[in-house]
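Shown next, in structure tokens, is the structure this report addresses.
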Amino acid sequence: QVQLVESGGGLVQAGGSLRLSCAASLNIFSMNHMGWYRQAPGKQRELVARITRGGSTNYADSLKGRFTISRDNAKNTVYLQMNNLKPDDTAVYYCNAYDLRHDYWGQGTQVTVSS
């Protein structure tokens with residue numbers, strides 16, 4: 001059974017930083033892309049950032065410049081560096097692993113940004 005385990009969430013003041021990690025029980029290089037999504041209370045889940053097998057990245061327009069996604073294939077781990085956090089970034093952050101036949105999700109990690 002594939003597992004994606006997120007960690008690194010918590011409570012931070014506005015302007016602070018957090019680094020999320022997603023440890024995967026599968027070979028992340030085999031997946032078309034790995035990504036981070038988030039869901040705030042009362043809102044739909046939305047894409048935060050995604051990184052392809054080849055290393056290309058894309059971000060939600062509103063987050064460019066503040067968030068950075070990266071991967072360590074040897075550790076089967078994906079990271080999300082979040083800087084200059086804002087209260088609107090408060091959400092549960094989910095890790096995703098996707099290819100044409102599989103779509104795996106982690107349990108999520110809570111990020112709370114206080115003003």
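By convention in this document, the chains of the structure tokens carry letters A, B, ... by their order, each chain's residues are numbered from 1, and ligands are numbered from 1 in the order they are shown.
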Could you list, with a cut-off of 9 Å and counting only C-alpha atoms, the residues of region 16-66 of chain A near region 1-11 of chain A, each shown with its nearest atom pair and the distance in Å rounded to one decimal, rows sorted by chain and ascending number, as CSV?
residue,atom,partner,partner_atom,distance
A:Leu18,CA,A:Gly8,CA,6.9
A:Arg19,CA,A:Gly8,CA,5.9
A:Leu20,CA,A:Gly8,CA,4.5
A:Ser21,CA,A:Ser7,CA,5.2
A:Cys22,CA,A:Glu6,CA,4.4
A:Ala23,CA,A:Val5,CA,5.1
A:Ala24,CA,A:Leu4,CA,4.6
A:Ser25,CA,A:Gln3,CA,5.3
A:Leu26,CA,A:Val2,CA,6.3
Could you save the residues just selected, with N, CA and C atoms, as a PDB file, in the first residue's frame?
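Final output, selection.pdb:
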ATOM      1  N   LEU A  18       7.975  27.984   6.854  1.00  0.00           N
ATOM      2  CA  LEU A  18       7.872  26.564   7.186  1.00  0.00           C
ATOM      3  C   LEU A  18       8.369  25.756   6.003  1.00  0.00           C
ATOM      4  N   ARG A  19       8.854  24.566   6.312  1.00  0.00           N
ATOM      5  CA  ARG A  19       9.249  23.641   5.257  1.00  0.00           C
ATOM      6  C   ARG A  19       8.498  22.342   5.466  1.00  0.00           C
ATOM      7  N   LEU A  20       7.657  22.021   4.515  1.00  0.00           N
ATOM      8  CA  LEU A  20       6.908  20.774   4.562  1.00  0.00           C
ATOM      9  C   LEU A  20       7.687  19.675   3.852  1.00  0.00           C
ATOM     10  N   SER A  21       7.533  18.464   4.356  1.00  0.00           N
ATOM     11  CA  SER A  21       8.149  17.294   3.730  1.00  0.00           C
ATOM     12  C   SER A  21       7.079  16.263   3.447  1.00  0.00           C
ATOM     13  N   CYS A  22       7.272  15.528   2.382  1.00  0.00           N
ATOM     14  CA  CYS A  22       6.383  14.426   2.024  1.00  0.00           C
ATOM     15  C   CYS A  22       7.254  13.215   1.743  1.00  0.00           C
ATOM     16  N   ALA A  23       7.220  12.262   2.653  1.00  0.00           N
ATOM     17  CA  ALA A  23       7.987  11.034   2.492  1.00  0.00           C
ATOM     18  C   ALA A  23       7.099   9.987   1.842  1.00  0.00           C
ATOM     19  N   ALA A  24       7.561   9.446   0.725  1.00  0.00           N
ATOM     20  CA  ALA A  24       6.754   8.507  -0.049  1.00  0.00           C
ATOM     21  C   ALA A  24       7.300   7.097   0.078  1.00  0.00           C
ATOM     22  N   SER A  25       6.379   6.137   0.075  1.00  0.00           N
ATOM     23  CA  SER A  25       6.777   4.725   0.119  1.00  0.00           C
ATOM     24  C   SER A  25       6.950   4.162  -1.284  1.00  0.00           C
ATOM     25  N   LEU A  26       6.849   5.028  -2.294  1.00  0.00           N
ATOM     26  CA  LEU A  26       7.052   4.587  -3.662  1.00  0.00           C
ATOM     27  C   LEU A  26       8.224   5.356  -4.271  1.00  0.00           C
TER      28      LEU A  26
END
> Which parts of chain A does DSSP call strand (DSSP E) when run on the backbone here, written out as a PyMOL selection string?
Replying inline: chain A and resi 4-7+10-13+18-24+33-39+46-52+57-59+67-72+77-82+91-98+103-105+109-114
Let's have the selection written as an mmCIF file, in the first residue's frame, with C-alpha atoms.
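Output file result.cif follows:
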data_model
loop_
_atom_site.group_PDB
_atom_site.id
_atom_site.type_symbol
_atom_site.label_atom_id
_atom_site.label_comp_id
_atom_site.auth_asym_id
_atom_site.auth_seq_id
_atom_site.Cartn_x
_atom_site.Cartn_y
_atom_site.Cartn_z
ATOM 1 C CA LEU A 4 2.605 9.592 1.483
ATOM 2 C CA VAL A 5 3.424 11.039 4.880
ATOM 3 C CA GLU A 6 3.480 14.796 5.264
ATOM 4 C CA SER A 7 5.285 16.578 8.071
ATOM 5 C CA GLY A 10 2.421 23.891 12.525
ATOM 6 C CA LEU A 11 1.631 27.321 13.851
ATOM 7 C CA VAL A 12 3.682 30.258 12.600
ATOM 8 C CA GLN A 13 3.343 34.017 12.699
ATOM 9 C CA LEU A 18 7.872 26.564 7.186
ATOM 10 C CA ARG A 19 9.249 23.641 5.257
ATOM 11 C CA LEU A 20 6.908 20.774 4.562
ATOM 12 C CA SER A 21 8.149 17.294 3.730
ATOM 13 C CA CYS A 22 6.383 14.426 2.024
ATOM 14 C CA ALA A 23 7.987 11.034 2.492
ATOM 15 C CA ALA A 24 6.754 8.507 -0.049
ATOM 16 C CA HIS A 33 4.550 14.450 -11.086
ATOM 17 C CA MET A 34 4.528 15.102 -7.377
ATOM 18 C CA GLY A 35 2.583 17.971 -5.953
ATOM 19 C CA TRP A 36 1.327 19.920 -3.001
ATOM 20 C CA TYR A 37 -2.269 20.983 -2.644
ATOM 21 C CA ARG A 38 -4.077 22.778 0.117
ATOM 22 C CA GLN A 39 -7.589 23.089 1.438
ATOM 23 C CA GLU A 46 -6.365 23.836 -4.747
ATOM 24 C CA LEU A 47 -3.005 23.295 -6.354
ATOM 25 C CA VAL A 48 -0.060 24.875 -4.572
ATOM 26 C CA ALA A 49 2.876 23.547 -6.571
ATOM 27 C CA ARG A 50 3.838 20.621 -8.737
ATOM 28 C CA ILE A 51 7.111 19.136 -9.942
ATOM 29 C CA THR A 52 7.408 16.750 -12.865
ATOM 30 C CA THR A 57 7.762 23.109 -11.737
ATOM 31 C CA ASN A 58 4.571 25.085 -11.747
ATOM 32 C CA TYR A 59 2.901 27.096 -9.020
ATOM 33 C CA PHE A 67 6.795 28.953 -2.202
ATOM 34 C CA THR A 68 9.344 26.547 -3.663
ATOM 35 C CA ILE A 69 8.837 22.872 -4.409
ATOM 36 C CA SER A 70 11.771 20.487 -4.639
ATOM 37 C CA ARG A 71 12.438 16.787 -4.594
ATOM 38 C CA ASP A 72 15.090 14.352 -3.436
ATOM 39 C CA THR A 77 10.833 12.897 -0.524
ATOM 40 C CA VAL A 78 9.252 16.070 -1.811
ATOM 41 C CA TYR A 79 9.558 19.406 -0.051
ATOM 42 C CA LEU A 80 7.654 22.639 0.012
ATOM 43 C CA GLN A 81 9.525 25.663 1.303
ATOM 44 C CA MET A 82 7.077 28.369 2.295
ATOM 45 C CA ALA A 91 -4.952 25.336 5.363
ATOM 46 C CA VAL A 92 -4.357 21.629 5.424
ATOM 47 C CA TYR A 93 -1.564 20.857 2.976
ATOM 48 C CA TYR A 94 -1.662 17.573 1.085
ATOM 49 C CA CYS A 95 0.995 15.719 -0.829
ATOM 50 C CA ASN A 96 0.033 14.117 -4.133
ATOM 51 C CA ALA A 97 1.700 11.562 -6.386
ATOM 52 C CA TYR A 98 0.252 11.172 -9.864
ATOM 53 C CA ASP A 103 -3.412 9.243 -7.958
ATOM 54 C CA TYR A 104 -2.171 8.995 -4.374
ATOM 55 C CA TRP A 105 -2.796 11.396 -1.513
ATOM 56 C CA THR A 109 -0.555 18.480 7.561
ATOM 57 C CA GLN A 110 -2.084 21.558 9.143
ATOM 58 C CA VAL A 111 -0.480 24.940 8.574
ATOM 59 C CA THR A 112 -1.813 27.821 10.631
ATOM 60 C CA VAL A 113 -0.541 31.355 10.132
ATOM 61 C CA SER A 114 -1.426 33.873 12.808
#
>> I'd like the interatomic distance between CA of Lys43 (chain A) and CA of Asn84 (chain A), to a tenth of an Å.
In response: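 Result for CA of Lys43 (chain A) versus CA of Asn84 (chain A): 21.9 Å, one decimal.
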> Between CA of Arg53 (chain A) and CA of Asn83 (chain A), what is the spacing in Å?
Replying inline: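 Here the two named atoms are 24.4 Å from each other.
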>> Considering only helix (DSSP H, G or I) as DSSP defines it on the backbone, what residues of chain A qualify? List them as a list in words.
In response: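 Here is the list: Ile28, Phe29, Ser30, Asp61, Ser62, Leu63, Asn73, Ala74, Lys75, Pro87, Asp88 and Asp89 of chain A.
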> What is the CA of Ala40 (chain A) to CA of Gly65 (chain A) distance in Å?
Replying inline: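 Interatomic distance, CA of Ala40 (chain A) to CA of Gly65 (chain A): 20.6 Å.
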> Looking at only C-alpha atoms, which of A:Gly16, A:Ile28, A:Asp88, A:His102 is the one that sits closest to Lys75 (chain A)?
Replying inline: A:Ile28
